[in-house]
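Structure data (compact mmCIF, C-alpha atoms) from my_file28.txt:
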```txt
# COMPACT_ATOMS: atom_id res chain seq x y z
CA MET A 1 23.49 -28.07 -123.61
CA ILE A 2 27.13 -28.81 -124.54
CA SER A 3 27.66 -25.15 -125.38
CA THR A 4 26.39 -24.19 -121.91
CA VAL A 5 28.88 -26.59 -120.32
CA LEU A 6 31.74 -25.20 -122.44
CA ARG A 7 30.69 -21.60 -121.76
CA THR A 8 30.63 -22.35 -118.04
CA ILE A 9 34.14 -23.86 -118.13
CA ILE A 10 35.57 -20.94 -120.13
CA LEU A 11 33.91 -18.30 -117.95
CA TYR A 12 34.96 -20.10 -114.77
CA ILE A 13 38.59 -20.06 -115.92
CA ILE A 14 38.42 -16.41 -116.99
CA VAL A 15 36.70 -15.21 -113.80
CA THR A 16 39.21 -17.18 -111.68
CA VAL A 17 42.13 -15.62 -113.56
CA ALA A 18 40.48 -12.19 -113.26
CA ILE A 19 40.01 -12.49 -109.50
CA ARG A 20 43.56 -13.84 -109.19
CA LEU A 21 44.93 -10.85 -111.12
CA MET A 22 43.13 -8.54 -108.74
CA GLY A 23 45.08 -10.02 -105.81
CA LYS A 24 44.44 -12.24 -102.83
CA ARG A 25 41.81 -10.88 -100.50
CA GLN A 26 38.83 -12.34 -98.76
CA ILE A 27 35.41 -10.76 -99.21
CA GLY A 28 35.53 -9.34 -95.65
CA ASP A 29 38.92 -7.70 -96.22
CA MET A 30 37.99 -6.01 -99.48
CA GLN A 31 38.05 -2.28 -99.95
CA PRO A 32 34.77 -0.79 -101.23
CA ASN A 33 35.97 -0.50 -104.85
CA GLU A 34 37.26 -4.10 -104.82
CA LEU A 35 33.93 -5.36 -103.49
CA VAL A 36 32.03 -3.46 -106.20
CA ILE A 37 34.22 -4.89 -108.95
CA THR A 38 33.96 -8.45 -107.58
CA LEU A 39 30.16 -8.18 -107.41
CA LEU A 40 30.01 -6.75 -110.94
CA ILE A 41 32.26 -9.47 -112.35
CA SER A 42 30.12 -12.22 -110.86
CA GLU A 43 26.95 -10.60 -112.21
CA ILE A 44 28.41 -10.04 -115.68
CA ALA A 45 29.80 -13.58 -115.89
CA ALA A 46 26.32 -14.92 -115.15
CA ILE A 47 24.73 -13.14 -118.14
CA PRO A 48 26.27 -15.25 -120.97
CA LEU A 49 25.68 -18.35 -118.82
CA GLN A 50 21.98 -17.69 -118.32
CA ASP A 51 21.27 -16.27 -121.76
CA THR A 52 22.95 -18.39 -124.43
CA GLU A 53 21.77 -15.90 -127.09
CA GLN A 54 24.32 -13.41 -125.74
CA PRO A 55 27.75 -13.73 -127.34
CA MET A 56 30.50 -14.54 -124.86
CA SER A 57 32.68 -11.70 -126.14
CA VAL A 58 30.28 -9.14 -124.62
CA GLY A 59 30.70 -10.63 -121.13
CA LEU A 60 34.43 -11.12 -121.59
CA ALA A 61 35.01 -7.54 -122.74
CA ALA A 62 33.14 -6.24 -119.70
CA ILE A 63 35.13 -8.49 -117.34
CA PHE A 64 38.42 -7.41 -118.95
CA VAL A 65 37.52 -3.73 -118.55
CA LEU A 66 36.62 -4.25 -114.87
CA VAL A 67 39.90 -6.07 -114.17
CA PHE A 68 41.83 -3.35 -115.98
CA LEU A 69 40.07 -0.66 -113.93
CA GLU A 70 40.69 -2.53 -110.70
CA ILE A 71 44.43 -2.90 -111.39
CA VAL A 72 44.84 0.72 -112.45
CA ILE A 73 42.77 2.05 -109.54
CA SER A 74 44.64 -0.09 -107.02
CA ILE A 75 47.98 1.20 -108.38
CA LEU A 76 46.73 4.79 -108.21
CA ALA A 77 45.45 4.21 -104.68
CA MET A 78 48.83 2.78 -103.71
CA LYS A 79 50.67 5.80 -105.12
CA SER A 80 48.35 8.57 -103.98
CA PHE A 81 46.87 9.13 -100.54
CA SER A 82 44.11 11.38 -101.93
CA VAL A 83 42.97 8.73 -104.43
CA ARG A 84 42.98 6.15 -101.65
CA LYS A 85 40.93 8.48 -99.46
CA ILE A 86 38.39 9.16 -102.21
CA LEU A 87 38.00 5.50 -103.19
CA ASN A 88 38.20 3.75 -99.86
CA GLY A 89 37.46 6.43 -97.29
CA LYS A 90 39.63 6.61 -94.19
CA SER A 91 39.83 4.92 -90.83
CA VAL A 92 37.81 6.56 -88.07
CA VAL A 93 38.79 6.60 -84.41
CA VAL A 94 35.59 5.76 -82.51
CA ILE A 95 37.16 5.42 -79.04
CA LYS A 96 39.88 7.89 -78.14
CA ASN A 97 41.76 7.69 -74.83
CA GLY A 98 38.98 5.49 -73.47
CA VAL A 99 36.21 7.91 -74.47
CA ILE A 100 33.65 7.11 -77.16
CA ASP A 101 33.70 9.74 -79.90
CA GLN A 102 29.96 10.14 -80.44
CA HIS A 103 30.41 12.61 -83.29
CA ALA A 104 32.67 10.17 -85.18
CA MET A 105 30.19 7.34 -84.54
CA ARG A 106 27.33 9.42 -85.94
CA ASN A 107 29.46 10.19 -89.01
CA VAL A 108 30.09 6.51 -89.74
CA ARG A 109 26.48 5.65 -88.79
CA MET A 110 27.61 3.20 -86.12
CA THR A 111 25.47 2.54 -83.08
CA VAL A 112 26.79 1.74 -79.60
CA ILE A 113 25.31 -1.75 -80.00
CA ASP A 114 27.38 -2.22 -83.20
CA LEU A 115 30.46 -1.01 -81.36
CA ILE A 116 29.92 -3.35 -78.41
CA GLU A 117 29.26 -6.27 -80.80
CA GLN A 118 32.48 -5.57 -82.69
CA LEU A 119 34.41 -5.29 -79.40
CA ARG A 120 33.01 -8.65 -78.27
CA GLY A 121 34.22 -10.03 -81.61
CA GLN A 122 37.71 -8.91 -80.50
CA SER A 123 37.23 -10.64 -77.10
CA VAL A 124 36.80 -7.30 -75.34
CA PHE A 125 33.81 -7.40 -73.02
CA ASN A 126 34.44 -4.31 -70.94
CA LEU A 127 34.28 -0.96 -72.68
CA GLU A 128 36.48 0.56 -69.98
CA ASP A 129 39.39 -1.66 -71.01
CA VAL A 130 39.63 0.04 -74.40
CA ALA A 131 42.15 2.83 -74.94
CA PHE A 132 41.60 3.26 -78.68
CA ALA A 133 39.24 1.67 -81.20
CA VAL A 134 39.58 2.39 -84.90
CA LEU A 135 36.95 1.55 -87.48
CA GLU A 136 38.97 0.50 -90.51
CA VAL A 137 37.89 1.17 -94.10
CA ASN A 138 36.98 -2.50 -94.61
CA GLY A 139 34.57 -2.32 -91.65
CA ASN A 140 36.76 -4.16 -89.14
CA LEU A 141 37.35 -2.66 -85.71
CA SER A 142 40.95 -2.50 -84.48
CA VAL A 143 41.28 -2.25 -80.72
CA LEU A 144 44.13 -1.13 -78.47
CA LEU A 145 43.56 -2.08 -74.86
CA LYS A 146 44.59 0.07 -71.92
CA LYS A 147 47.96 -0.91 -70.41
CA ASP A 148 46.39 -2.51 -67.33
CA ALA A 149 44.01 -4.59 -69.48
CA GLN A 150 46.65 -5.93 -71.86
CA PRO A 151 47.76 -9.55 -71.45
CA ILE A 152 51.26 -10.10 -70.08
CA SER A 153 53.85 -10.67 -72.76
CA VAL A 154 57.28 -12.31 -72.57
CA LYS A 155 58.79 -8.83 -72.87
CA ASP A 156 56.91 -7.69 -69.73
CA ILE A 157 58.45 -10.42 -67.56
CA GLU A 158 61.86 -9.90 -69.19
CA LEU A 159 62.44 -13.51 -70.15
CA ASN A 160 65.03 -14.19 -72.84
CA ILE A 161 63.33 -16.61 -75.18
CA PRO A 162 64.88 -16.98 -78.65
CA ASP A 163 62.61 -16.56 -81.70
CA GLU A 164 61.22 -19.85 -82.92
CA PRO A 165 62.06 -20.74 -86.50
CA LEU A 166 59.07 -21.04 -88.83
CA PRO A 167 58.15 -24.65 -89.55
CA LEU A 168 57.04 -25.26 -93.15
CA PRO A 169 55.29 -28.29 -94.66
CA VAL A 170 57.94 -30.16 -96.68
CA ILE A 171 55.99 -33.33 -97.50
CA SER A 172 52.28 -33.35 -98.16
CA ASP A 173 50.42 -36.56 -99.02
CA GLY A 174 53.63 -38.33 -100.05
CA LYS A 175 54.89 -35.48 -102.23
CA ILE A 176 57.96 -33.39 -101.44
CA ILE A 177 57.29 -29.64 -101.53
CA TYR A 178 60.53 -28.37 -103.08
CA GLU A 179 59.45 -24.74 -102.71
CA SER A 180 59.43 -25.13 -98.89
CA LEU A 181 62.84 -26.83 -98.98
CA ARG A 182 64.25 -23.93 -100.99
CA ALA A 183 62.74 -21.44 -98.53
CA LEU A 184 64.31 -23.33 -95.60
CA GLU A 185 67.61 -23.69 -97.51
CA ILE A 186 67.57 -27.42 -96.81
CA SER A 187 68.60 -29.91 -99.49
CA THR A 188 66.54 -32.92 -100.58
CA GLN A 189 69.43 -35.12 -99.43
CA LYS A 190 69.19 -33.74 -95.92
CA LEU A 191 65.43 -34.34 -95.90
CA LYS A 192 65.94 -37.92 -97.08
CA LYS A 193 68.58 -38.37 -94.40
CA ILE A 194 66.11 -37.30 -91.71
CA LEU A 195 63.54 -39.69 -93.17
CA LYS A 196 66.09 -42.50 -93.32
CA HIS A 197 66.81 -41.91 -89.67
CA LYS A 198 63.09 -42.36 -89.03
CA CYS A 199 63.07 -45.49 -91.29
CA SER A 200 60.60 -43.86 -93.63
CA THR A 201 60.23 -42.71 -97.27
CA PRO A 202 58.36 -39.64 -98.56
CA LYS A 203 55.63 -41.86 -100.03
CA GLU A 204 54.71 -43.19 -96.57
CA ILE A 205 54.24 -39.69 -95.12
CA PHE A 206 50.97 -37.79 -94.94
CA LEU A 207 52.47 -34.57 -93.56
CA MET A 208 55.93 -33.51 -92.52
CA THR A 209 56.84 -30.08 -91.23
CA LEU A 210 60.42 -28.91 -90.85
CA ASP A 211 62.19 -25.77 -89.67
CA ARG A 212 65.65 -24.33 -90.34
CA ASP A 213 67.03 -25.96 -87.19
CA GLY A 214 65.95 -29.38 -88.41
CA ASN A 215 63.08 -29.72 -85.91
CA HIS A 216 60.36 -31.75 -87.54
CA THR A 217 56.93 -33.29 -87.09
CA ILE A 218 55.94 -36.34 -89.12
CA ILE A 219 52.44 -37.73 -89.57
CA LYS A 220 52.52 -41.04 -91.41
CA LYS A 221 49.73 -42.10 -93.75
CA GLY A 222 47.03 -43.78 -91.69
CA GLY A 223 49.18 -43.31 -88.59
CA ALA A 224 49.84 -40.97 -85.70
CA ASN A 225 52.33 -38.13 -85.16
CA ASN A 226 56.01 -39.09 -85.00
CA MET B 1 54.97 -0.72 -112.57
CA LYS B 2 55.22 -4.50 -112.88
CA ARG B 3 51.57 -4.70 -111.85
CA LEU B 4 50.64 -2.56 -114.85
CA VAL B 5 51.75 -5.29 -117.29
CA PRO B 6 48.60 -7.46 -116.90
CA ALA B 7 46.49 -4.28 -117.03
CA VAL B 8 48.09 -3.24 -120.31
CA ILE B 9 47.67 -6.77 -121.74
CA ILE B 10 44.01 -6.80 -120.70
CA LEU B 11 43.39 -3.35 -122.14
CA THR B 12 45.05 -4.36 -125.42
CA MET B 13 42.90 -7.50 -125.57
CA THR B 14 39.75 -5.50 -124.91
CA ILE B 15 40.58 -2.89 -127.56
CA PHE B 16 41.44 -5.71 -129.98
CA ILE B 17 38.09 -7.43 -129.30
CA CYS B 18 36.19 -4.14 -129.79
CA ILE B 19 37.96 -3.17 -133.02
CA THR B 20 37.77 -6.71 -134.44
CA ALA B 21 34.08 -6.99 -133.55
CA HIS B 22 33.29 -3.60 -135.07
CA THR B 23 35.23 -4.19 -138.31
CA PHE B 24 34.27 -7.83 -138.75
CA VAL B 25 30.55 -7.38 -138.03
CA ASN B 26 30.25 -4.32 -140.29
CA ARG B 27 31.98 -6.13 -143.14
CA ALA B 28 29.84 -9.25 -142.64
CA CYS B 29 26.64 -7.17 -142.68
CA ASP B 30 27.70 -5.35 -145.86
CA ASN B 31 28.66 -8.63 -147.53
CA THR B 32 25.29 -10.13 -146.65
CA ILE B 33 23.50 -7.21 -148.34
CA LYS B 34 25.80 -7.61 -151.36
CA ASP B 35 25.03 -11.35 -151.51
CA ILE B 36 21.31 -10.66 -151.48
CA GLU B 37 21.71 -8.15 -154.31
CA LEU B 38 23.78 -10.68 -156.28
CA TYR B 39 21.06 -13.22 -155.67
CA TYR B 40 18.44 -10.74 -156.94
CA ASN B 41 20.53 -10.24 -160.07
CA LYS B 42 20.72 -14.03 -160.42
CA LYS B 43 24.51 -14.02 -160.07
CA ILE B 44 24.41 -16.50 -157.20
CA SER B 45 21.91 -19.25 -156.44
CA SER B 46 19.63 -19.41 -153.41
CA GLN B 47 21.71 -22.32 -152.10
CA GLN B 48 24.87 -20.26 -152.40
CA LEU B 49 23.22 -17.35 -150.61
CA GLU B 50 22.17 -19.60 -147.73
CA ASP B 51 25.59 -21.30 -147.55
CA ASN B 52 27.40 -17.95 -147.52
CA TRP B 53 25.12 -16.73 -144.74
CA GLN B 54 25.62 -19.90 -142.67
CA ASN B 55 29.41 -19.51 -142.86
CA ARG B 56 29.16 -15.86 -141.93
CA LYS B 57 26.70 -16.56 -139.12
CA GLU B 58 29.09 -18.99 -137.41
CA ASN B 59 31.77 -16.31 -137.15
CA MET B 60 29.40 -13.46 -136.35
CA ALA B 61 28.01 -15.46 -133.39
CA LEU B 62 31.20 -14.57 -131.54
CA PHE B 63 30.19 -10.92 -131.35
CA VAL B 64 26.50 -10.61 -132.19
CA ASN B 65 23.36 -11.53 -130.26
CA HIS B 66 22.38 -14.98 -131.53
CA GLY B 67 18.70 -13.98 -131.66
CA PHE B 68 19.45 -11.45 -134.42
CA LEU B 69 21.40 -14.04 -136.42
CA ASP B 70 18.62 -16.62 -136.14
CA LYS B 71 16.12 -14.01 -137.35
CA ILE B 72 18.25 -13.32 -140.44
CA SER B 73 18.53 -17.07 -141.12
CA ILE B 74 14.74 -17.33 -141.10
CA TYR B 75 14.34 -14.23 -143.32
CA ILE B 76 16.91 -15.52 -145.84
CA GLY B 77 15.04 -18.84 -145.98
CA GLN B 78 11.79 -16.93 -146.65
CA LEU B 79 13.48 -14.61 -149.16
CA THR B 80 14.71 -17.48 -151.32
CA VAL B 81 11.27 -19.14 -151.33
CA PHE B 82 9.45 -15.89 -152.20
CA THR B 83 11.96 -14.81 -154.85
CA ASP B 84 12.20 -18.23 -156.53
CA ASN B 85 8.40 -18.23 -156.75
CA ASN B 86 8.21 -14.58 -157.88
CA LEU B 87 6.10 -13.58 -154.89
CA PRO B 88 5.94 -9.84 -154.05
CA GLU B 89 6.51 -10.51 -150.30
CA ASN B 90 10.24 -10.81 -150.97
CA GLU B 91 10.55 -7.00 -150.85
CA THR B 92 9.20 -6.95 -147.28
CA VAL B 93 11.54 -9.75 -146.23
CA TYR B 94 14.49 -7.94 -147.82
CA LYS B 95 13.60 -4.81 -145.84
CA ASN B 96 13.38 -6.91 -142.68
CA ILE B 97 16.85 -8.35 -143.28
CA LYS B 98 18.24 -4.87 -143.87
CA SER B 99 16.68 -3.53 -140.68
CA VAL B 100 18.02 -6.43 -138.56
CA LEU B 101 21.48 -5.95 -140.10
CA SER B 102 21.35 -2.23 -139.33
CA LEU B 103 20.37 -3.07 -135.73
CA ILE B 104 23.39 -5.36 -135.48
CA LYS B 105 25.62 -2.60 -136.85
CA ALA B 106 24.13 -0.06 -134.44
CA GLU B 107 24.84 -2.39 -131.54
CA GLN B 108 28.52 -2.48 -132.48
CA ARG B 109 29.16 1.21 -132.93
CA PHE B 110 29.20 3.73 -130.15
CA GLY B 111 26.05 5.79 -130.10
CA LEU B 112 23.50 7.07 -127.66
CA HIS B 113 21.21 4.12 -128.49
CA SER B 114 23.80 1.49 -127.55
CA PHE B 115 25.14 3.62 -124.68
CA TYR B 116 21.83 3.99 -122.87
```

What's the structure tokens form of this structure?
Amino acid sequence: MISTVLRTIILYIIVTVAIRLMGKRQIGDMQPNELVITLLISEIAAIPLQDTEQPMSVGLAAIFVLVFLEIVISILAMKSFSVRKILNGKSVVVIKNGVIDQHAMRNVRMTVIDLIEQLRGQSVFNLEDVAFAVLEVNGNLSVLLKKDAQPISVKDIELNIPDEPLPLPVISDGKIIYESLRALEISTQKLKKILKHKCSTPKEIFLMTLDRDGNHTIIKKGGANN
Amino acid sequence: MKRLVPAVIILTMTIFICITAHTFVNRACDNTIKDIELYYNKKISSQQLEDNWQNRKENMALFVNHGFLDKISIYIGQLTVFTDNNLPENETVYKNIKSVLSLIKAEQRFGLHSFY
């Protein structure tokens, strides 16, 4: 029993590190080869957990080989277009200049119902509004609307609005996030000065966001926004 | 190229595990056979044979299916009882130990049997 618990802890750590080494991607965003390797790793990790007669080294060696392959393949795919095309396939234009490409849809085995469902997922309810739709290699549909169906942007009405600086969380649950302060190029002293002005200390704050211009939002512990 | 560093480390670790497992398991299997022969020639006692096997088993468990190791433990227990009592069944048990050890060795080396 204890050995099962220990095996689980060790394998959990190793699988987490392995997935981390492979990079940050959600299941839905994975390329086909990444999905295969993730599925294989989870299956292989389960073997030494279920069957305690199996030595852990067998599972670990298999996981290591898969991670190695994934890293090497992803580097090769990054460097070479042909490798990327072989491994991941290529994007397919299913709507071109507002016309559905039936041949392309047959090739990717996509029905019109699938296409309409995916368009609805992109908040497009009228097929006639679509100029281009591209089925990406991860299965997502990217849509470009026709000019007259596109929402008005600030650029269209020629307003001069300056870019907003990015606010970052600088205090979370009473703890100062120094990484955010470094990214904002704001010193701890300046942060404390702002807090002093608000008659507060970091420990009293649940969340504080701050941008380069010094604009901030403070949510105190057990309190409301400030 | 920076991304290749973890890949190279992982590959090195995997190769290290494979080579260590292959060398260590082969040596442990050969030493077990040698121990049994020494025991037959009355150069070591049955207790010593069992103790040596137990120590070896602990380390081999890292690379070898635990079912195989448990089988050998049982066979060595039987072997000592049969040999100490001069029973002819000890030959069969010895053959069984040898065949399990050869299975363990076959599992470690690359061959069509382990590949398929």

Next on the checklist: Could you work out which residues of chain B fall inside 6 Å of chain A? Count all atoms listed in the file, and format the result as a PyMOL selection string.
Outcome noted: chain B and resi 7+10+14+62-67

Output C-alpha atoms for every residue in that selection, as a JSON list (two decimals), keeping the file's coordinate frame.
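Final output, part-v1.json:
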```
[["chain", "number", "residue", "atom", "x", "y", "z"],
["B", 7, "ALA", "CA", 46.49, -4.28, -117.03],
["B", 10, "ILE", "CA", 44.01, -6.80, -120.70],
["B", 14, "THR", "CA", 39.75, -5.50, -124.91],
["B", 62, "LEU", "CA", 31.20, -14.57, -131.54],
["B", 63, "PHE", "CA", 30.19, -10.92, -131.35],
["B", 64, "VAL", "CA", 26.50, -10.61, -132.19],
["B", 65, "ASN", "CA", 23.36, -11.53, -130.26],
["B", 66, "HIS", "CA", 22.38, -14.98, -131.53],
["B", 67, "GLY", "CA", 18.70, -13.98, -131.66]]
```

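Across the structure, atom CA of B:Asp70 and atom CA of B:Lys57 are spaced 8.6 Å apart.
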
Item to check | Atom pair atom CA of B:Asn59 / atom CA of B:Thr80: separation (Å) | outcome: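 Computed distance, atom CA of B:Asn59 to atom CA of B:Thr80, equals 22.2 Å.
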
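Between atom CA of A:Ile194 and atom CA of A:Lys220 the interatomic distance comes to 14.1 Å.
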
Next on the checklist: For B:Ala28, find every residue with an atom within 12 Å (counting all atoms listed in the file), except residues of its own chain fewer than 5 positions away, and show them as a PyMOL selection string.
Outcome noted: chain B and resi 20-23+33-35+52-61+63-64+69+101-102+104-105

Write out as a JSON list (two decimals) with C-alpha atoms, in the coordinates of the input the residues lying within 8 Å of stretch 81-95 of chain A, counting all atoms listed in the file and excluding same-chain residues fewer than 6 positions away.
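For reference, result38.json as written:
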```
[["chain", "number", "residue", "atom", "x", "y", "z"],
["A", 31, "GLN", "CA", 38.05, -2.28, -99.95],
["A", 32, "PRO", "CA", 34.77, -0.79, -101.23],
["A", 33, "ASN", "CA", 35.97, -0.50, -104.85],
["A", 101, "ASP", "CA", 33.70, 9.74, -79.90],
["A", 102, "GLN", "CA", 29.96, 10.14, -80.44],
["A", 104, "ALA", "CA", 32.67, 10.17, -85.18],
["A", 105, "MET", "CA", 30.19, 7.34, -84.54],
["A", 108, "VAL", "CA", 30.09, 6.51, -89.74],
["A", 130, "VAL", "CA", 39.63, 0.04, -74.40],
["A", 131, "ALA", "CA", 42.15, 2.83, -74.94],
["A", 132, "PHE", "CA", 41.60, 3.26, -78.68],
["A", 133, "ALA", "CA", 39.24, 1.67, -81.20],
["A", 134, "VAL", "CA", 39.58, 2.39, -84.90],
["A", 135, "LEU", "CA", 36.95, 1.55, -87.48],
["A", 136, "GLU", "CA", 38.97, 0.50, -90.51],
["A", 137, "VAL", "CA", 37.89, 1.17, -94.10]]
```

Next on the checklist: Using all atoms listed in the file, which protein or nucleic acid residues come within 12 Å of B:Ser99? Drop anything in the same chain fewer than 6 positions from it, and give the result as a ChimeraX atom specification.
Outcome noted: /B:29,33,68,71-72,75,92-93,105-106

Next on the checklist: When you count all atoms listed in the file, which of these residues is closest to A:Leu181: A:Asp156, A:Asp148, A:Glu204, A:Asp211?
Outcome noted: A:Asp211

Item to check | Selection near stretch 42-47 of chain B, 9 Å with all atoms listed in the file, sequence-local residues under 3 positions removed, as a list in words | outcome: Asp35, Ile36, Glu37, Leu38, Tyr39, Glu50, Asp51, Asn52, Ile76, Gly77, Leu79, Thr80, Val81 and Asp84 of chain B

Once you have the residues from the selection above, write them out as a short mmCIF file (atom, residue, chain, number, x, y, z; two decimals), keeping the file's coordinate frame, restricted to C-alpha atoms.
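Result file is selection.cif:
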```cif
data_model
loop_
_atom_site.label_atom_id
_atom_site.label_comp_id
_atom_site.auth_asym_id
_atom_site.auth_seq_id
_atom_site.Cartn_x
_atom_site.Cartn_y
_atom_site.Cartn_z
CA ASP B 35 25.03 -11.35 -151.51
CA ILE B 36 21.31 -10.66 -151.48
CA GLU B 37 21.71 -8.15 -154.31
CA LEU B 38 23.78 -10.68 -156.28
CA TYR B 39 21.06 -13.22 -155.67
CA GLU B 50 22.17 -19.60 -147.73
CA ASP B 51 25.59 -21.30 -147.55
CA ASN B 52 27.40 -17.95 -147.52
CA ILE B 76 16.91 -15.52 -145.84
CA GLY B 77 15.04 -18.84 -145.98
CA LEU B 79 13.48 -14.61 -149.16
CA THR B 80 14.71 -17.48 -151.32
CA VAL B 81 11.27 -19.14 -151.33
CA ASP B 84 12.20 -18.23 -156.53
#
```

Stretch 177-193 of chain A, all listed atoms, 4 Å padding on each side: what axis-aligned box centre and edge lengths in Å to one decimal come out, as AutoDock Vina command-line options?
```
--center_x 63.4 --center_y -29.9 --center_z -98.7 --size_x 20.1 --size_y 24.9 --size_z 16.7
```

Give me stretch 82-103 of chain B with N, CA and C atoms filled in, as a compact mmCIF listing (two decimals), in the frame of the given file.
```txt
# COMPACT_ATOMS: atom_id res chain seq x y z
N PHE B 82 10.29 -16.91 -151.55
CA PHE B 82 9.45 -15.89 -152.20
C PHE B 82 10.03 -15.47 -153.55
N THR B 83 11.35 -15.29 -153.61
CA THR B 83 11.96 -14.81 -154.85
C THR B 83 11.91 -15.89 -155.93
N ASP B 84 12.23 -17.14 -155.55
CA ASP B 84 12.20 -18.23 -156.53
C ASP B 84 10.80 -18.42 -157.11
N ASN B 85 9.78 -18.07 -156.29
CA ASN B 85 8.40 -18.23 -156.75
C ASN B 85 7.78 -16.91 -157.23
N ASN B 86 8.64 -15.90 -157.40
CA ASN B 86 8.21 -14.58 -157.88
C ASN B 86 7.07 -13.98 -157.07
N LEU B 87 7.15 -14.14 -155.76
CA LEU B 87 6.10 -13.58 -154.89
C LEU B 87 6.53 -12.18 -154.42
N PRO B 88 5.57 -11.23 -154.39
CA PRO B 88 5.94 -9.84 -154.05
C PRO B 88 6.39 -9.66 -152.59
N GLU B 89 6.14 -10.65 -151.72
CA GLU B 89 6.51 -10.51 -150.30
C GLU B 89 8.03 -10.43 -150.12
N ASN B 90 8.78 -10.81 -151.13
CA ASN B 90 10.24 -10.81 -150.97
C ASN B 90 10.79 -9.42 -150.65
N GLU B 91 10.10 -8.38 -151.14
CA GLU B 91 10.55 -7.00 -150.85
C GLU B 91 10.49 -6.72 -149.34
N THR B 92 9.38 -7.17 -148.72
CA THR B 92 9.20 -6.95 -147.28
C THR B 92 10.29 -7.69 -146.50
N VAL B 93 10.54 -8.94 -146.93
CA VAL B 93 11.54 -9.75 -146.23
C VAL B 93 12.92 -9.11 -146.37
N TYR B 94 13.20 -8.60 -147.59
CA TYR B 94 14.49 -7.94 -147.82
C TYR B 94 14.65 -6.74 -146.89
N LYS B 95 13.57 -5.97 -146.74
CA LYS B 95 13.60 -4.81 -145.84
C LYS B 95 13.84 -5.26 -144.40
N ASN B 96 13.19 -6.37 -144.04
CA ASN B 96 13.38 -6.91 -142.68
C ASN B 96 14.84 -7.28 -142.44
N ILE B 97 15.43 -7.95 -143.42
CA ILE B 97 16.85 -8.35 -143.28
C ILE B 97 17.72 -7.11 -143.09
N LYS B 98 17.44 -6.11 -143.95
CA LYS B 98 18.24 -4.87 -143.87
C LYS B 98 18.10 -4.21 -142.50
N SER B 99 16.87 -4.21 -141.98
CA SER B 99 16.68 -3.53 -140.68
C SER B 99 17.36 -4.31 -139.56
N VAL B 100 17.33 -5.65 -139.62
CA VAL B 100 18.02 -6.43 -138.56
C VAL B 100 19.53 -6.20 -138.67
N LEU B 101 20.03 -6.18 -139.92
CA LEU B 101 21.48 -5.95 -140.10
C LEU B 101 21.88 -4.56 -139.58
N SER B 102 21.00 -3.58 -139.82
CA SER B 102 21.35 -2.23 -139.33
C SER B 102 21.30 -2.18 -137.80
N LEU B 103 20.41 -2.98 -137.20
CA LEU B 103 20.37 -3.07 -135.73
C LEU B 103 21.66 -3.66 -135.19
```
